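Below: my_file-v8.cif (mmCIF, C-alpha atoms)
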```
data_protein
loop_
_atom_site.group_PDB
_atom_site.id
_atom_site.type_symbol
_atom_site.label_atom_id
_atom_site.label_comp_id
_atom_site.auth_asym_id
_atom_site.auth_seq_id
_atom_site.Cartn_x
_atom_site.Cartn_y
_atom_site.Cartn_z
ATOM 1 C CA MET H 1 -61.947 45.483 -27.983
ATOM 2 C CA ARG H 2 -64.171 42.513 -27.411
ATOM 3 C CA ARG H 3 -62.421 40.558 -30.165
ATOM 4 C CA PHE H 4 -59.040 41.387 -28.626
ATOM 5 C CA LEU H 5 -60.152 40.074 -25.242
ATOM 6 C CA ILE H 6 -61.463 36.860 -26.814
ATOM 7 C CA TRP H 7 -58.221 36.213 -28.679
ATOM 8 C CA SER H 8 -56.178 37.058 -25.585
ATOM 9 C CA ALA H 9 -58.140 34.604 -23.477
ATOM 10 C CA LEU H 10 -57.786 31.947 -26.161
ATOM 11 C CA ALA H 11 -54.016 32.491 -26.301
ATOM 12 C CA VAL H 12 -53.782 32.166 -22.516
ATOM 13 C CA VAL H 13 -55.753 28.890 -22.600
ATOM 14 C CA ILE H 14 -53.596 27.477 -25.390
ATOM 15 C CA GLY H 15 -50.419 28.555 -23.572
ATOM 16 C CA LEU H 16 -51.539 26.916 -20.337
ATOM 17 C CA ALA H 17 -52.479 23.749 -22.206
ATOM 18 C CA LEU H 18 -49.083 23.592 -23.909
ATOM 19 C CA ALA H 19 -47.256 24.264 -20.656
ATOM 20 C CA GLY H 20 -49.274 21.574 -18.857
ATOM 21 C CA THR H 21 -48.653 19.099 -21.652
ATOM 22 C CA GLY H 22 -44.937 19.850 -21.643
ATOM 23 C CA TYR H 23 -44.683 19.421 -17.868
ATOM 24 C CA TRP H 24 -46.628 16.165 -17.990
ATOM 25 C CA ALA H 25 -44.371 14.826 -20.758
ATOM 26 C CA TYR H 26 -41.258 15.836 -18.775
ATOM 27 C CA TRP H 27 -42.547 14.146 -15.636
ATOM 28 C CA ASN H 28 -43.941 11.056 -17.361
ATOM 29 C CA PHE H 29 -40.962 10.287 -19.603
ATOM 30 C CA TYR H 30 -38.050 11.571 -17.527
ATOM 31 C CA ALA H 31 -38.547 13.040 -14.072
ATOM 32 C CA ARG H 32 -40.474 10.174 -12.488
ATOM 33 C CA PHE H 33 -37.645 7.747 -13.286
ATOM 34 C CA GLN H 34 -34.984 9.841 -11.584
ATOM 35 C CA PRO H 35 -33.655 8.602 -8.218
ATOM 36 C CA VAL H 36 -34.543 10.485 -5.070
ATOM 37 C CA THR H 37 -31.824 12.118 -2.981
ATOM 38 C CA ILE H 38 -32.325 11.221 0.689
ATOM 39 C CA SER H 39 -32.170 14.306 2.871
ATOM 40 C CA ARG H 40 -33.712 12.797 6.015
ATOM 41 C CA ASN H 41 -32.919 9.712 8.121
ATOM 42 C CA GLN H 42 -29.610 9.112 6.348
ATOM 43 C CA ALA H 43 -27.847 7.877 9.495
ATOM 44 C CA GLU H 44 -30.647 5.445 10.380
ATOM 45 C CA ILE H 45 -30.840 4.100 6.840
ATOM 46 C CA GLN H 46 -27.073 3.624 6.669
ATOM 47 C CA ARG H 47 -27.051 1.813 10.005
ATOM 48 C CA LEU H 48 -29.731 -0.588 8.803
ATOM 49 C CA LEU H 49 -27.779 -1.339 5.621
ATOM 50 C CA ASP H 50 -24.581 -1.947 7.594
ATOM 51 C CA GLU H 51 -26.321 -4.338 9.972
ATOM 52 C CA ALA H 52 -28.097 -6.329 7.254
ATOM 53 C CA SER H 53 -26.619 -9.649 6.088
ATOM 54 C CA TRP H 54 -26.002 -8.995 2.409
ATOM 55 C CA VAL H 55 -24.345 -11.285 -0.124
ATOM 56 C CA SER H 56 -22.006 -10.128 -2.854
ATOM 57 C CA GLY H 57 -20.120 -11.511 -5.804
ATOM 58 C CA GLY H 58 -17.179 -9.219 -5.067
ATOM 59 C CA GLY H 59 -15.824 -6.430 -7.186
ATOM 60 C CA GLY H 60 -14.843 -3.992 -4.454
ATOM 61 C CA GLY H 61 -15.301 -0.296 -4.873
ATOM 62 C CA GLU H 62 -18.366 1.699 -3.874
ATOM 63 C CA PRO H 63 -21.201 -0.346 -2.318
ATOM 64 C CA LEU H 64 -24.647 -0.426 -3.889
ATOM 65 C CA TYR H 65 -27.482 -2.238 -2.093
ATOM 66 C CA ILE H 66 -30.171 -4.191 -3.956
ATOM 67 C CA ILE H 67 -33.116 -5.194 -1.748
ATOM 68 C CA GLY H 68 -35.690 -7.636 -3.066
ATOM 69 C CA TYR H 69 -37.399 -11.004 -2.666
ATOM 70 C CA ARG H 70 -36.933 -14.216 -4.649
ATOM 71 C CA ASP H 71 -40.052 -14.118 -6.852
ATOM 72 C CA SER H 72 -39.595 -10.485 -7.881
ATOM 73 C CA ALA H 73 -39.012 -10.705 -11.643
ATOM 74 C CA SER H 74 -37.866 -7.079 -11.842
ATOM 75 C CA THR H 75 -35.262 -7.672 -9.117
ATOM 76 C CA GLN H 76 -33.843 -10.705 -10.874
ATOM 77 C CA ARG H 77 -33.805 -8.860 -14.195
ATOM 78 C CA TYR H 78 -32.036 -5.822 -12.735
ATOM 79 C CA GLU H 79 -29.324 -7.926 -11.138
ATOM 80 C CA ARG H 80 -28.895 -10.055 -14.260
ATOM 81 C CA GLU H 81 -28.569 -7.123 -16.676
ATOM 82 C CA GLU H 82 -26.926 -4.415 -14.549
ATOM 83 C CA ALA H 83 -24.601 -6.151 -12.080
ATOM 84 C CA GLU H 84 -21.760 -6.615 -14.563
ATOM 85 C CA LYS H 85 -22.072 -3.042 -15.842
ATOM 86 C CA LEU H 86 -21.916 -1.648 -12.316
ATOM 87 C CA ARG H 87 -18.966 -3.884 -11.464
ATOM 88 C CA ALA H 88 -17.158 -2.511 -14.528
ATOM 89 C CA GLY H 89 -17.749 0.979 -13.101
ATOM 90 C CA GLY H 90 -16.094 0.081 -9.783
ATOM 91 C CA VAL H 91 -19.253 -0.819 -7.840
ATOM 92 C CA GLU H 92 -19.825 -3.718 -5.464
ATOM 93 C CA ALA H 93 -23.436 -4.868 -5.727
ATOM 94 C CA ARG H 94 -24.675 -6.120 -2.339
ATOM 95 C CA VAL H 95 -27.907 -8.101 -2.429
ATOM 96 C CA VAL H 96 -30.259 -8.268 0.560
ATOM 97 C CA VAL H 97 -33.078 -10.808 0.282
ATOM 98 C CA PHE H 98 -36.068 -11.257 2.557
ATOM 99 C CA ALA H 99 -39.091 -13.502 2.827
ATOM 100 C CA ARG H 100 -42.383 -11.669 2.433
ATOM 101 C CA PRO H 101 -44.751 -11.976 5.408
ATOM 102 C CA ASP H 102 -48.247 -13.356 5.138
ATOM 103 C CA ARG H 103 -50.792 -10.844 3.886
ATOM 104 C CA GLU H 104 -54.491 -11.016 4.767
ATOM 105 C CA GLY H 105 -54.138 -14.693 5.556
ATOM 106 C CA GLN H 106 -52.382 -15.475 2.292
ATOM 107 C CA VAL H 107 -48.940 -17.062 2.487
ATOM 108 C CA GLN H 108 -46.471 -15.212 0.225
ATOM 109 C CA SER H 109 -43.406 -17.398 0.799
ATOM 110 C CA THR H 110 -42.660 -21.111 0.728
ATOM 111 C CA PRO H 111 -40.884 -23.176 3.402
ATOM 112 C CA ALA H 112 -37.939 -23.661 1.018
ATOM 113 C CA GLU H 113 -37.701 -19.905 0.469
ATOM 114 C CA ARG H 114 -37.774 -19.144 4.183
ATOM 115 C CA ALA H 115 -35.110 -21.767 4.861
ATOM 116 C CA THR H 116 -32.880 -20.325 2.130
ATOM 117 C CA VAL H 117 -33.299 -16.750 3.361
ATOM 118 C CA ALA H 118 -32.331 -17.798 6.884
ATOM 119 C CA GLU H 119 -29.263 -19.653 5.564
ATOM 120 C CA LEU H 120 -28.173 -16.675 3.448
ATOM 121 C CA TRP H 121 -28.481 -14.278 6.380
ATOM 122 C CA LEU H 122 -26.465 -16.635 8.575
ATOM 123 C CA SER H 123 -23.782 -17.817 6.138
ATOM 124 C CA ARG H 124 -23.771 -15.046 3.479
ATOM 125 C CA ASP H 125 -22.881 -17.703 0.932
ATOM 126 C CA TRP H 126 -22.783 -16.162 -2.558
ATOM 127 C CA SER H 127 -22.591 -19.539 -4.317
ATOM 128 C CA LEU H 128 -25.810 -20.603 -2.582
ATOM 129 C CA TYR H 129 -27.497 -17.420 -3.756
ATOM 130 C CA GLU H 130 -26.352 -18.084 -7.339
ATOM 131 C CA ARG H 131 -27.722 -21.629 -7.265
ATOM 132 C CA TRP H 132 -30.985 -20.399 -5.778
ATOM 133 C CA THR H 133 -31.597 -17.692 -8.352
ATOM 134 C CA ALA H 134 -30.523 -19.948 -11.237
ATOM 135 C CA THR H 135 -33.166 -22.538 -10.288
ATOM 136 C CA PRO H 136 -36.875 -21.929 -10.944
ATOM 137 C CA SER H 137 -38.612 -21.284 -7.653
ATOM 138 C CA ARG H 138 -41.055 -24.137 -8.192
ATOM 139 C CA ASN H 139 -38.121 -26.555 -8.513
ATOM 140 C CA TRP H 140 -36.113 -25.280 -5.551
ATOM 141 C CA THR H 141 -36.400 -27.657 -2.582
ATOM 142 C CA ALA H 142 -33.588 -26.232 -0.395
ATOM 143 C CA ALA H 143 -32.008 -29.676 -0.202
ATOM 144 C CA GLY H 144 -29.332 -29.857 2.480
ATOM 145 C CA ILE H 145 -30.465 -26.596 4.155
ATOM 146 C CA PRO H 146 -31.968 -26.786 7.652
ATOM 147 C CA ALA H 147 -35.632 -25.820 7.740
ATOM 148 C CA SER H 148 -36.564 -22.555 9.405
ATOM 149 C CA ASP H 149 -40.117 -23.568 10.264
ATOM 150 C CA GLY H 150 -40.069 -25.150 13.694
ATOM 151 C CA ASN H 151 -36.567 -23.843 14.389
ATOM 152 C CA LEU H 152 -36.696 -20.969 16.833
ATOM 153 C CA ALA H 153 -33.336 -19.464 15.888
ATOM 154 C CA ARG H 154 -33.829 -19.651 12.122
ATOM 155 C CA SER H 155 -37.412 -18.419 12.347
ATOM 156 C CA ALA H 156 -36.092 -15.383 14.219
ATOM 157 C CA VAL H 157 -33.660 -14.731 11.367
ATOM 158 C CA VAL H 158 -36.505 -14.801 8.834
ATOM 159 C CA GLU H 159 -38.475 -12.357 10.981
ATOM 160 C CA ALA H 160 -35.387 -10.154 11.235
ATOM 161 C CA SER H 161 -35.243 -9.895 7.417
ATOM 162 C CA ARG H 162 -38.876 -8.816 7.363
ATOM 163 C CA GLU H 163 -38.346 -6.306 10.163
ATOM 164 C CA PHE H 164 -35.374 -4.873 8.274
ATOM 165 C CA VAL H 165 -37.519 -4.199 5.194
ATOM 166 C CA THR H 166 -40.363 -2.736 7.246
ATOM 167 C CA ARG H 167 -38.119 -0.269 9.038
ATOM 168 C CA LEU H 168 -36.213 0.639 5.867
ATOM 169 C CA THR H 169 -39.300 1.373 3.799
ATOM 170 C CA GLY H 170 -40.748 3.436 6.648
ATOM 171 C CA LEU H 171 -37.622 5.612 6.796
ATOM 172 C CA LEU H 172 -37.576 6.024 3.030
ATOM 173 C CA ARG H 173 -41.232 6.990 2.965
ATOM 174 C CA GLU H 174 -40.565 9.700 5.523
ATOM 175 C CA ALA H 175 -37.736 10.978 3.305
ATOM 176 C CA GLY H 176 -40.066 11.200 0.316
ATOM 177 C CA ALA H 177 -38.617 8.239 -1.587
ATOM 178 C CA PRO H 178 -40.922 5.784 -3.354
ATOM 179 C CA THR H 179 -40.785 2.124 -2.406
ATOM 180 C CA GLY H 180 -40.808 -0.845 -4.742
ATOM 181 C CA TYR H 181 -38.626 -3.737 -5.764
ATOM 182 C CA PRO H 182 -35.858 -3.836 -6.551
ATOM 183 C CA LEU H 183 -35.102 -1.131 -4.026
ATOM 184 C CA VAL H 184 -31.643 0.227 -4.865
ATOM 185 C CA ILE H 185 -29.717 2.467 -2.449
ATOM 186 C CA TRP H 186 -26.273 3.998 -3.030
ATOM 187 C CA ARG H 187 -24.177 7.122 -2.575
ATOM 188 C CA ASP H 188 -23.127 9.207 -5.548
ATOM 189 C CA ARG H 189 -19.651 10.656 -6.160
ATOM 190 C CA ASP H 190 -20.475 13.637 -3.924
ATOM 191 C CA GLY H 191 -21.513 11.404 -1.011
ATOM 192 C CA PHE H 192 -25.271 12.023 -1.225
ATOM 193 C CA MET H 193 -27.462 9.020 -0.495
ATOM 194 C CA LYS H 194 -29.917 8.142 -3.245
ATOM 195 C CA ALA H 195 -32.718 5.604 -3.550
ATOM 196 C CA CYS H 196 -34.569 4.189 -6.514
ATOM 197 C CA ALA H 197 -37.556 1.888 -6.835
ATOM 198 C CA CYS H 198 -36.117 0.466 -10.051
ATOM 199 C CA ALA H 199 -38.906 -1.759 -11.327
ATOM 200 C CA ASP H 200 -38.804 0.178 -14.626
ATOM 201 C CA SER H 201 -35.654 -0.204 -16.718
ATOM 202 C CA ARG H 202 -35.777 3.496 -17.648
ATOM 203 C CA SER H 203 -34.470 4.257 -14.154
ATOM 204 C CA TRP H 204 -31.311 2.194 -14.539
ATOM 205 C CA ALA H 205 -29.399 4.679 -16.686
ATOM 206 C CA PHE H 206 -29.393 7.269 -13.869
ATOM 207 C CA ILE H 207 -27.554 4.840 -11.591
ATOM 208 C CA ARG H 208 -24.954 4.027 -14.238
ATOM 209 C CA ASP H 209 -24.393 7.751 -14.812
ATOM 210 C CA ASP H 210 -23.593 8.302 -11.128
ATOM 211 C CA PHE H 211 -20.775 5.738 -11.322
ATOM 212 C CA SER H 212 -19.742 6.356 -14.943
ATOM 213 C CA ALA H 213 -20.522 2.709 -15.612
ATOM 214 C CA PRO H 214 -20.669 1.513 -19.226
ATOM 215 C CA ASP H 215 -23.976 0.885 -20.935
ATOM 216 C CA VAL H 216 -22.701 -2.308 -22.561
ATOM 217 C CA VAL H 217 -20.222 -4.856 -21.227
ATOM 218 C CA ALA H 218 -18.429 -7.257 -23.564
ATOM 219 C CA PRO H 219 -18.949 -10.951 -22.772
ATOM 220 C CA SER H 220 -16.274 -12.358 -20.515
ATOM 221 C CA GLY H 221 -13.432 -14.133 -22.260
ATOM 222 C CA VAL H 222 -13.703 -12.300 -25.603
ATOM 223 C CA ALA H 223 -10.504 -10.300 -25.206
ATOM 224 C CA GLU H 224 -8.570 -13.019 -23.403
ATOM 225 C CA PRO H 225 -5.841 -14.706 -25.469
ATOM 226 C CA GLY H 226 -6.480 -18.326 -26.242
ATOM 227 C CA PRO H 227 -4.046 -21.232 -25.859
ATOM 228 C CA ALA H 228 -1.032 -21.303 -28.132
ATOM 229 C CA ILE H 229 -1.473 -23.399 -31.257
ATOM 230 C CA PRO H 230 1.142 -26.205 -31.314
ATOM 231 C CA PRO H 231 3.346 -26.441 -34.422
ATOM 232 C CA THR H 232 2.053 -28.797 -37.024
ATOM 233 C CA THR H 233 3.908 -32.026 -37.779
ATOM 234 C CA PRO H 234 5.678 -31.787 -41.139
ATOM 235 C CA VAL H 235 4.179 -33.945 -43.833
ATOM 236 C CA PRO H 236 6.668 -36.180 -45.700
ATOM 237 C CA GLY H 237 7.490 -34.836 -49.117
ATOM 238 C CA ASN H 238 6.756 -31.162 -48.489
ATOM 239 C CA GLY H 239 10.408 -30.100 -48.840
ATOM 240 C CA THR H 240 11.270 -29.635 -45.157
ATOM 241 C CA PRO H 241 14.430 -31.202 -43.757
ATOM 242 C CA GLU H 242 12.372 -33.670 -41.691
ATOM 243 C CA SER H 243 10.503 -35.012 -44.712
ATOM 244 C CA LEU H 244 11.568 -37.833 -47.022
ATOM 245 C CA PRO H 245 13.381 -36.814 -50.253
ATOM 246 C CA TYR H 246 11.620 -36.996 -53.570
ATOM 247 C CA PRO H 247 12.738 -39.941 -55.754
ATOM 248 C CA SER H 248 15.119 -39.167 -58.621
ATOM 249 C CA LEU H 249 13.496 -40.232 -61.871
ATOM 250 C CA GLY H 250 15.266 -40.808 -65.159
ATOM 251 C CA PRO H 251 14.572 -38.916 -68.359
ATOM 252 C CA ILE H 252 11.112 -39.425 -69.783
ATOM 253 C CA PRO H 253 11.308 -40.637 -73.385
ATOM 254 C CA PRO H 254 9.183 -39.073 -76.089
ATOM 255 C CA ALA H 255 5.949 -40.708 -77.056
ATOM 256 C CA GLY H 256 6.352 -43.765 -79.203
ATOM 257 C CA GLN H 257 9.873 -44.586 -78.019
ATOM 258 C CA THR H 258 11.059 -47.206 -75.593
ATOM 259 C CA ILE H 259 13.669 -47.046 -72.891
ATOM 260 C CA PRO H 260 16.604 -49.311 -73.811
ATOM 261 C CA PRO H 261 17.426 -51.986 -71.238
ATOM 262 C CA ALA H 262 20.146 -51.100 -68.805
ATOM 263 C CA GLN H 263 23.566 -52.485 -69.565
ATOM 264 C CA PRO H 264 25.472 -54.372 -66.926
ATOM 265 C CA GLY H 265 27.447 -52.012 -64.744
ATOM 266 C CA THR H 266 25.279 -48.998 -65.545
ATOM 267 C CA PRO H 267 24.005 -47.334 -62.332
ATOM 268 C CA GLN H 268 20.250 -47.297 -61.930
ATOM 269 C CA PRO H 269 18.359 -44.176 -60.854
ATOM 270 C CA ALA H 270 17.877 -43.974 -57.113
ATOM 271 C CA THR H 271 14.436 -44.688 -55.747
ATOM 272 C CA ALA H 272 13.001 -43.879 -52.383
ATOM 273 C CA PRO H 273 12.786 -46.713 -49.844
ATOM 274 C CA GLY H 274 9.491 -48.560 -49.971
ATOM 275 C CA THR H 275 8.694 -47.500 -53.556
ATOM 276 C CA THR H 276 8.519 -49.746 -56.611
ATOM 277 C CA PRO H 277 10.923 -48.850 -59.442
ATOM 278 C CA ALA H 278 9.264 -47.817 -62.664
ATOM 279 C CA ARG H 279 9.101 -50.517 -65.281
ATOM 280 C CA PRO H 280 10.175 -49.758 -68.851
ATOM 281 C CA THR H 281 7.301 -49.430 -71.166
ATOM 282 C CA THR H 282 7.253 -50.751 -74.762
ATOM 283 C CA THR H 283 5.013 -49.800 -77.596
ATOM 284 C CA PRO H 284 3.360 -52.885 -79.107
ATOM 285 C CA ARG H 285 3.929 -53.351 -82.838
ATOM 286 C CA THR H 286 0.819 -53.586 -84.958
ATOM 287 C CA THR H 287 0.453 -54.757 -88.553
ATOM 288 C CA PRO H 288 -1.394 -52.263 -90.722
ATOM 289 C CA ALA H 289 -4.683 -53.524 -92.083
ATOM 290 C CA ALA H 290 -4.964 -54.150 -95.824
ATOM 291 C CA PRO H 291 -6.855 -51.478 -97.736
ATOM 292 C CA PRO H 292 -10.410 -52.378 -98.743
ATOM 293 C CA GLN H 293 -10.840 -53.940 -102.167
ATOM 294 C CA PRO H 294 -13.600 -52.805 -104.460
ATOM 295 C CA SER H 295 -16.489 -55.139 -105.052
ATOM 296 C CA GLN H 296 -19.004 -54.807 -107.840
ATOM 297 C CA THR H 297 -22.572 -55.909 -107.995
ATOM 298 C CA GLU H 298 -24.898 -55.867 -110.920
ATOM 299 C CA ASP H 299 -25.540 -52.099 -110.873
ATOM 300 C CA THR H 300 -23.237 -50.554 -108.201
ATOM 301 C CA THR H 301 -19.618 -50.691 -107.070
ATOM 302 C CA PHE H 302 -18.949 -50.658 -103.221
ATOM 303 C CA PHE H 303 -15.733 -50.113 -101.248
#
```
Translate this file's structure into structure tokens.
Amino acid sequence: MRRFLIWSALAVVIGLALAGTGYWAYWNFYARFQPVTISRNQAEIQRLLDEASWVSGGGGGEPLYIIGYRDSASTQRYEREEAEKLRAGGVEARVVVFARPDREGQVQSTPAERATVAELWLSRDWSLYERWTATPSRNWTAAGIPASDGNLARSAVVEASREFVTRLTGLLREAGAPTGYPLVIWRDRDGFMKACACADSRSWAFIRDDFSAPDVVAPSGVAEPGPAIPPTTPVPGNGTPESLPYPSLGPIPPAGQTIPPAQPGTPQPATAPGTTPARPTTTPRTTPAAPPQPSQTEDTTFF
């Protein structure tokens, strides 16, 4: 009886350990990357997204919001690798950028970044956003863009972008959604609002599945037909009607014979214009050498 109890307790411990390990593996490798369905504050979150000044490269279809700041490497990577796939699935990616506020006395944004954020919120110029993200942040000077520092109206726009992010993350936190950048918000095919802190690329596949977007997109221009190849100019002598005719040559005599001179009144073979008529060839006559004569010395005869 005692042995049975020991083995039973050991089996229970092993079973609990296996169940705990299985749950941890499920959560660590799958569940924690799933998006969160928003069940609270949906109306407030949607109103904030509608009022924000987003920029988009077009595409139409269902909107998907990408919130992030300029120096977020994960945000830039997500947009670079996933925007075309989502567009192929009928999604319009709308990007909302903001300038991070100072934290514990440390400045987290540059004057050029703040000026660009204010300009994007005011003009919603997609080409400006493309130039900004294609240029390294240390090289971006915001040339031609009015400065926001010292400008009351543009400074208020920068603060509005920060207030938008603060209110949005607070509403998402109340709904149980994690926050991080890029922060992606969309509605699935059933109309449920979902959110994802998509810093890890293992979360991206769940978004593509909601829109049936492809995992791989062919490079643009591969399937497009190229320009028609113009017809080649015929080369003279290749037999086409536009080419020059081949010259008509006379019979070739056997080796060792000569062509007799043409008699007066005998027509000559036609030759092509610009060519030199072939000259008759003659075989030079040679006199055969005399055979060697024997010569004799005192003890040997040589030839």
### Query
Exactly which residues make up the result of the PyMOL selection byres ((chain H and resi 178) around 10) on this file, given as a PyMOL selection string?
chain H and resi 35-36+169+172-177+179-180+183+195-198
Same residues, C-alpha atoms, saved as a short mmCIF file (atom, residue, chain, number, x, y, z; two decimals), in the frame of the given file:
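That gives us part.cif:
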```cif
data_model
loop_
_atom_site.label_atom_id
_atom_site.label_comp_id
_atom_site.auth_asym_id
_atom_site.auth_seq_id
_atom_site.Cartn_x
_atom_site.Cartn_y
_atom_site.Cartn_z
CA PRO H 35 -33.66 8.60 -8.22
CA VAL H 36 -34.54 10.48 -5.07
CA THR H 169 -39.30 1.37 3.80
CA LEU H 172 -37.58 6.02 3.03
CA ARG H 173 -41.23 6.99 2.96
CA GLU H 174 -40.56 9.70 5.52
CA ALA H 175 -37.74 10.98 3.30
CA GLY H 176 -40.07 11.20 0.32
CA ALA H 177 -38.62 8.24 -1.59
CA THR H 179 -40.78 2.12 -2.41
CA GLY H 180 -40.81 -0.84 -4.74
CA LEU H 183 -35.10 -1.13 -4.03
CA ALA H 195 -32.72 5.60 -3.55
CA CYS H 196 -34.57 4.19 -6.51
CA ALA H 197 -37.56 1.89 -6.84
CA CYS H 198 -36.12 0.47 -10.05
#
```
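When all atoms listed in the file are used to measure the gap to Leu120 (chain H), the shortest distance among H:Ala134, H:Trp54, H:Tyr78, H:Ser155 belongs to H:Trp54.
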### Task
Write out as a PyMOL selection string each polymer residue whose atoms come within 9 Å of region 91-98 of chain H, counting only C-alpha atoms; drop sequence neighbours fewer than 6 positions from it.
chain H and resi 49+52-70+79+83+85+114+117-118+120-121+158-162+164-165+211+213
### Query
If you measure from CA of Thr116 (chain H) to CA of Ala142 (chain H), what distance in Å do you get, rounded to one decimal?
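We find that CA of Thr116 (chain H) and CA of Ala142 (chain H) lie 6.5 Å from each other.
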How big is the axis-aligned box, and where does its centre sit, when it encloses all atoms of region 192-196 of chain H listed in the file and has 5 Å added on every side, reported in Å to one decimal as AutoDock Vina command-line options?
```
--center_x -29.9 --center_y 8.1 --center_z -3.5 --size_x 19.3 --size_y 17.8 --size_z 16.0
```
### Query
Rounded to one decimal in Å, what is the spacing between CA of Trp132 (chain H) and CA of Ser74 (chain H)?
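Distance between the two atoms: 16.2 Å.
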